[in-house]
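Q: File protein-v6.txt follows (compact mmCIF, C-alpha atoms and all ligand atoms):
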# COMPACT_ATOMS: atom_id res chain seq x y z
CA MET S 5 -25.63 15.98 28.91
CA TYR S 6 -24.88 12.26 29.18
CA ARG S 7 -21.82 10.05 29.67
CA LEU S 8 -21.60 6.47 28.41
CA ILE S 9 -18.73 4.09 29.16
CA TYR S 10 -18.20 0.67 27.58
CA LYS S 11 -15.47 -1.96 27.28
CA SER S 12 -14.92 -4.28 24.31
CA ARG S 13 -12.54 -6.92 22.98
CA SER S 14 -10.82 -6.23 19.68
CA ASN S 15 -11.13 -8.86 16.95
CA SER S 16 -7.46 -8.35 16.05
CA VAL S 17 -4.30 -7.15 17.80
CA ILE S 18 -4.65 -3.40 18.38
CA THR S 19 -1.83 -1.17 17.18
CA TRP S 20 -1.23 2.51 17.79
CA GLU S 21 -1.88 3.06 14.07
CA GLN S 22 -5.36 1.61 14.48
CA VAL S 23 -6.11 3.82 17.50
CA LYS S 24 -4.99 6.87 15.51
CA GLU S 25 -7.15 5.75 12.59
CA ILE S 26 -10.24 5.47 14.84
CA MET S 27 -9.52 8.90 16.37
CA HIS S 28 -9.11 10.42 12.94
CA SER S 29 -12.24 8.85 11.46
CA SER S 30 -14.33 9.73 14.56
CA ASP S 31 -13.31 13.36 14.71
CA THR S 32 -15.68 14.91 12.18
CA HIS S 33 -18.71 12.90 13.25
CA ASN S 34 -18.07 13.50 16.94
CA ARG S 35 -17.59 17.25 16.57
CA GLU S 36 -20.74 17.54 14.45
CA SER S 37 -22.69 15.56 17.05
CA GLY S 38 -21.30 17.37 20.10
CA ILE S 39 -19.57 14.17 21.23
CA SER S 40 -16.32 14.29 23.19
CA GLY S 41 -14.52 11.52 25.02
CA ILE S 42 -11.55 9.26 25.42
CA LEU S 43 -10.59 5.93 23.88
CA LEU S 44 -8.15 3.74 25.82
CA ALA S 45 -6.62 0.71 24.15
CA THR S 46 -4.47 -2.20 25.23
CA SER S 47 -3.36 -4.61 22.52
CA SER S 48 -6.57 -6.63 23.08
CA HIS S 49 -9.27 -4.34 24.56
CA PHE S 50 -10.89 -0.94 24.21
CA LEU S 51 -12.42 1.23 26.94
CA GLN S 52 -14.29 4.24 25.60
CA VAL S 53 -16.08 7.20 27.20
CA LEU S 54 -18.62 9.11 25.07
CA GLU S 55 -20.02 12.42 26.35
CA GLY S 56 -22.67 14.58 24.70
CA PRO S 57 -26.42 15.01 24.12
CA TYR S 58 -28.62 11.98 24.93
CA GLU S 59 -29.67 11.15 21.35
CA MET S 60 -26.18 11.58 19.94
CA VAL S 61 -24.49 9.44 22.59
CA ASN S 62 -27.11 6.72 22.01
CA GLU S 63 -26.81 6.84 18.25
CA THR S 64 -22.99 6.87 18.28
CA PHE S 65 -22.77 3.97 20.72
CA MET S 66 -25.23 1.89 18.68
CA ARG S 67 -23.18 2.47 15.54
CA ILE S 68 -19.86 1.69 17.27
CA SER S 69 -21.34 -1.46 18.81
CA LYS S 70 -22.14 -2.80 15.31
CA ASP S 71 -18.53 -2.29 14.14
CA ASN S 72 -17.03 -5.72 13.41
CA CYS S 73 -13.56 -4.56 14.55
CA HIS S 74 -14.62 -5.52 18.09
CA SER S 75 -16.98 -7.78 20.03
CA ASP S 76 -17.87 -8.78 23.61
CA ILE S 77 -19.12 -5.23 24.19
CA LYS S 78 -19.94 -4.55 27.84
CA LEU S 79 -21.88 -1.44 28.78
CA ILE S 80 -20.39 -0.06 32.00
CA SER S 81 -22.54 3.05 32.56
CA PHE S 82 -24.90 5.54 30.91
CA ASN S 83 -25.72 8.50 33.13
CA ALA S 84 -26.88 12.11 33.07
CA ILE S 85 -23.95 14.38 34.00
CA ASP S 86 -23.56 18.06 34.97
CA HIS S 87 -20.41 18.67 33.00
CA ARG S 88 -18.00 16.91 30.67
CA LEU S 89 -14.70 15.39 31.77
CA PHE S 90 -13.37 15.69 28.20
CA GLU S 91 -14.19 19.12 26.78
CA ASN S 92 -11.48 19.68 24.26
CA TRP S 93 -11.38 16.56 22.18
CA GLY S 94 -13.47 14.94 19.50
CA MET S 95 -11.92 11.69 20.72
CA LEU S 96 -8.65 11.49 22.67
CA GLY S 97 -6.89 8.16 22.10
CA ILE S 98 -4.40 6.62 24.52
CA GLY S 99 -2.63 3.35 23.87
CA VAL S 100 -1.59 1.50 27.02
CA PHE S 101 0.77 -1.05 25.52
CA ASN S 102 4.45 -1.56 24.86
CA LEU S 103 4.92 1.91 23.40
CA ASN S 104 4.05 3.07 26.89
CA ALA S 105 5.81 0.49 29.06
CA GLN S 106 6.19 2.51 32.26
CA LEU S 107 2.56 3.60 32.28
CA GLU S 108 1.43 0.05 31.51
CA SER S 109 3.39 -1.55 34.36
CA GLU S 110 2.22 0.99 36.97
CA LEU S 111 -1.40 0.53 35.96
CA LYS S 112 -1.14 -3.29 35.81
CA ALA S 113 0.05 -3.31 39.43
CA LYS S 114 -3.11 -1.43 40.46
CA TYR S 115 -5.85 -2.74 38.12
CA GLY S 116 -4.65 -6.23 37.22
CA GLU S 117 -3.88 -7.99 33.95
CA GLN S 118 -5.89 -9.47 31.11
CA ASP S 119 -4.37 -11.14 28.02
CA ASN S 120 -0.90 -9.96 29.16
CA GLY S 121 -2.05 -6.33 29.07
CA LEU S 122 -3.72 -3.96 31.50
CA LYS S 123 -7.17 -5.16 32.61
CA PHE S 124 -9.88 -2.57 31.99
CA PRO S 125 -12.40 -2.47 34.87
CA VAL S 126 -16.14 -3.01 34.40
CA GLU S 127 -17.19 -0.78 37.32
CA GLU S 128 -17.77 2.88 36.46
CA TRP S 129 -15.89 4.29 39.45
CA ARG S 130 -12.86 2.12 38.69
CA ALA S 131 -12.94 3.05 35.02
CA LEU S 132 -12.98 6.76 35.94
CA ALA S 133 -10.24 6.21 38.53
CA LEU S 134 -8.11 4.51 35.86
CA ILE S 135 -8.58 7.45 33.46
CA ASN S 136 -7.62 9.85 36.25
CA ASP S 137 -4.53 7.77 37.06
CA ILE S 138 -3.51 7.83 33.41
CA ASN S 139 -3.65 11.62 33.44
CA VAL S 140 -1.65 11.88 36.66
CA ILE S 141 0.98 9.31 35.67
CA SER S 142 1.42 10.65 32.17
CA GLU S 143 1.86 14.19 33.51
CA GLN S 144 4.42 13.01 36.06
CA ALA S 145 6.30 10.97 33.50
CA ASP S 146 6.03 13.76 30.94
CA THR S 147 5.02 11.14 28.39
CA SER S 148 3.77 12.38 25.09
CA LEU S 149 0.67 10.36 24.39
C1 LIG S 201 -13.26 1.04 19.50
C2 LIG S 201 -13.94 1.90 18.47
C3 LIG S 201 -14.30 3.20 18.80
C4 LIG S 201 -14.94 4.02 17.87
N1 LIG S 201 -15.30 5.29 18.24
C5 LIG S 201 -15.98 6.07 17.37
C6 LIG S 201 -16.44 7.37 17.74
O1 LIG S 201 -16.19 7.86 18.85
N2 LIG S 201 -17.13 8.08 16.83
C7 LIG S 201 -17.41 7.61 15.57
O2 LIG S 201 -18.04 8.32 14.79
N3 LIG S 201 -16.97 6.39 15.18
C8 LIG S 201 -16.26 5.60 16.04
N4 LIG S 201 -15.84 4.37 15.64
C9 LIG S 201 -16.08 3.95 14.24
C10 LIG S 201 -17.50 3.44 14.04
O3 LIG S 201 -17.64 2.16 14.65
C11 LIG S 201 -17.84 3.32 12.55
O4 LIG S 201 -16.96 2.43 11.92
C12 LIG S 201 -17.76 4.64 11.83
O5 LIG S 201 -18.46 5.62 12.55
C13 LIG S 201 -18.33 4.54 10.40
O6 LIG S 201 -19.65 4.12 10.48
P1 LIG S 201 -20.55 3.91 9.15
O7 LIG S 201 -19.76 2.97 8.27
O8 LIG S 201 -21.84 3.34 9.62
O9 LIG S 201 -20.64 5.29 8.55
C14 LIG S 201 -15.20 3.53 16.56
C15 LIG S 201 -14.82 2.23 16.24
C16 LIG S 201 -14.19 1.41 17.16
C17 LIG S 201 -13.79 0.01 16.81
Take the structure in this file and express it as structure tokens.
A:
Amino acid sequence: MYRLIYKSRSNSVITWEQVKEIMHSSDTHNRESGISGILLATSSHFLQVLEGPYEMVNETFMRISKDNCHSDIKLISFNAIDHRLFENWGMLGIGVFNLNAQLESELKAKYGEQDNGLKFPVEEWRALALINDINVISEQADTSL
């Protein structure tokens, strides 16, 4: 089992509709390929975690990286793992932008800002810490994401 994390810049302003569209269109492929993961979005950047078999994670990442919806793709990590962090989802999408103002401001204070939104880290441990913080904060705030 492998986990790959990357960050990219969107070629247009990201909306919650677009995140939902990506989640929806990824679902069938990801389930068929044994891929699970999470897709975080600000209005300008994506941070995605892909988990699954080696070949499938590779193939899916290569296809996503050719998508002209985004550019400036930065590979953060690609490691063998013992178990998944995201078992239950084809692809869980979370938008960290104005629809989620409280979450956004708490995370900006900790991780910094980029293009007026939350800055996604490029270090694996910080990316995983951010995802963990999102879970904790959203549970505390009882936000429906
Ligand atoms: C940020 C981002 C994340 C994406 N994540 C996935 C994904 O997890 N799984 C997937 O099958 N497609 C994902 N896509 C869509 C693919 O890039 C691609 O458009 C889609 O798989 C159709 O590919 P095809 O036209 O070669 O069939 C994502 C696209 C973007 C922009």
Q: Write out as JSON lines a residue-level contact list of chain S versus ligand LIG 201 (chain S) with cut-off 7 Å: for each qualifying residue the closest pair of atoms and the distance in Å to one decimal, counting all atoms listed in the file, rows sorted by chain and residue number upward.
A:
{"residue": "S:Ile26", "atom": "CA", "partner": "S:LIG201", "partner_atom": "C14", "distance": 5.6}
{"residue": "S:Ser29", "atom": "CA", "partner": "S:LIG201", "partner_atom": "N3", "distance": 6.5}
{"residue": "S:Ser30", "atom": "CA", "partner": "S:LIG201", "partner_atom": "C7", "distance": 3.9}
{"residue": "S:Asp31", "atom": "CA", "partner": "S:LIG201", "partner_atom": "N2", "distance": 6.9}
{"residue": "S:His33", "atom": "CA", "partner": "S:LIG201", "partner_atom": "O2", "distance": 4.9}
{"residue": "S:Asn34", "atom": "CA", "partner": "S:LIG201", "partner_atom": "N2", "distance": 5.5}
{"residue": "S:Leu43", "atom": "CA", "partner": "S:LIG201", "partner_atom": "C3", "distance": 6.9}
{"residue": "S:Phe50", "atom": "CA", "partner": "S:LIG201", "partner_atom": "C1", "distance": 5.6}
{"residue": "S:Gln52", "atom": "CA", "partner": "S:LIG201", "partner_atom": "C3", "distance": 6.9}
{"residue": "S:Leu54", "atom": "CA", "partner": "S:LIG201", "partner_atom": "O1", "distance": 6.8}
{"residue": "S:Thr64", "atom": "CA", "partner": "S:LIG201", "partner_atom": "N2", "distance": 6.2}
{"residue": "S:Arg67", "atom": "CA", "partner": "S:LIG201", "partner_atom": "O3", "distance": 5.6}
{"residue": "S:Ile68", "atom": "CA", "partner": "S:LIG201", "partner_atom": "O3", "distance": 3.5}
{"residue": "S:Ser69", "atom": "CA", "partner": "S:LIG201", "partner_atom": "O3", "distance": 6.6}
{"residue": "S:Lys70", "atom": "CA", "partner": "S:LIG201", "partner_atom": "O3", "distance": 6.7}
{"residue": "S:Asp71", "atom": "CA", "partner": "S:LIG201", "partner_atom": "O3", "distance": 4.6}
{"residue": "S:Cys73", "atom": "CA", "partner": "S:LIG201", "partner_atom": "C17", "distance": 5.1}
{"residue": "S:His74", "atom": "CA", "partner": "S:LIG201", "partner_atom": "C17", "distance": 5.7}
{"residue": "S:Met95", "atom": "CA", "partner": "S:LIG201", "partner_atom": "O1", "distance": 6.0}
Q: How far is it from atom CA of Asp86 of chain S to atom CA of Ser37 of chain S, in Å with one decimal?
A: 18.1 Å
Q: Closest to Asp76 of chain S among S:Arg88, S:His28, S:Lys114, S:His49, using all atoms listed in the file?
A: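 Nearest to Asp76 of chain S: S:His49.
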Q: Which protein, DNA or RNA residues are at most 10 Å from (-14.7, 10.1, 25.1) in the file's coordinates when you count all atoms listed in the file, listed as a PyMOL selection string?
A: chain S and resi 7-9+34+39-44+51-56+88-91+93-97
Q: May I ask which of the residues S:Asn62, S:Ser12, S:Thr32, S:Ile98 is the closest one to Ile135 of chain S, counting only C-alpha atoms?
A: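 Going through S:Asn62, S:Ser12, S:Thr32, S:Ile98 one by one, the smallest distance to Ile135 of chain S is for S:Ile98.
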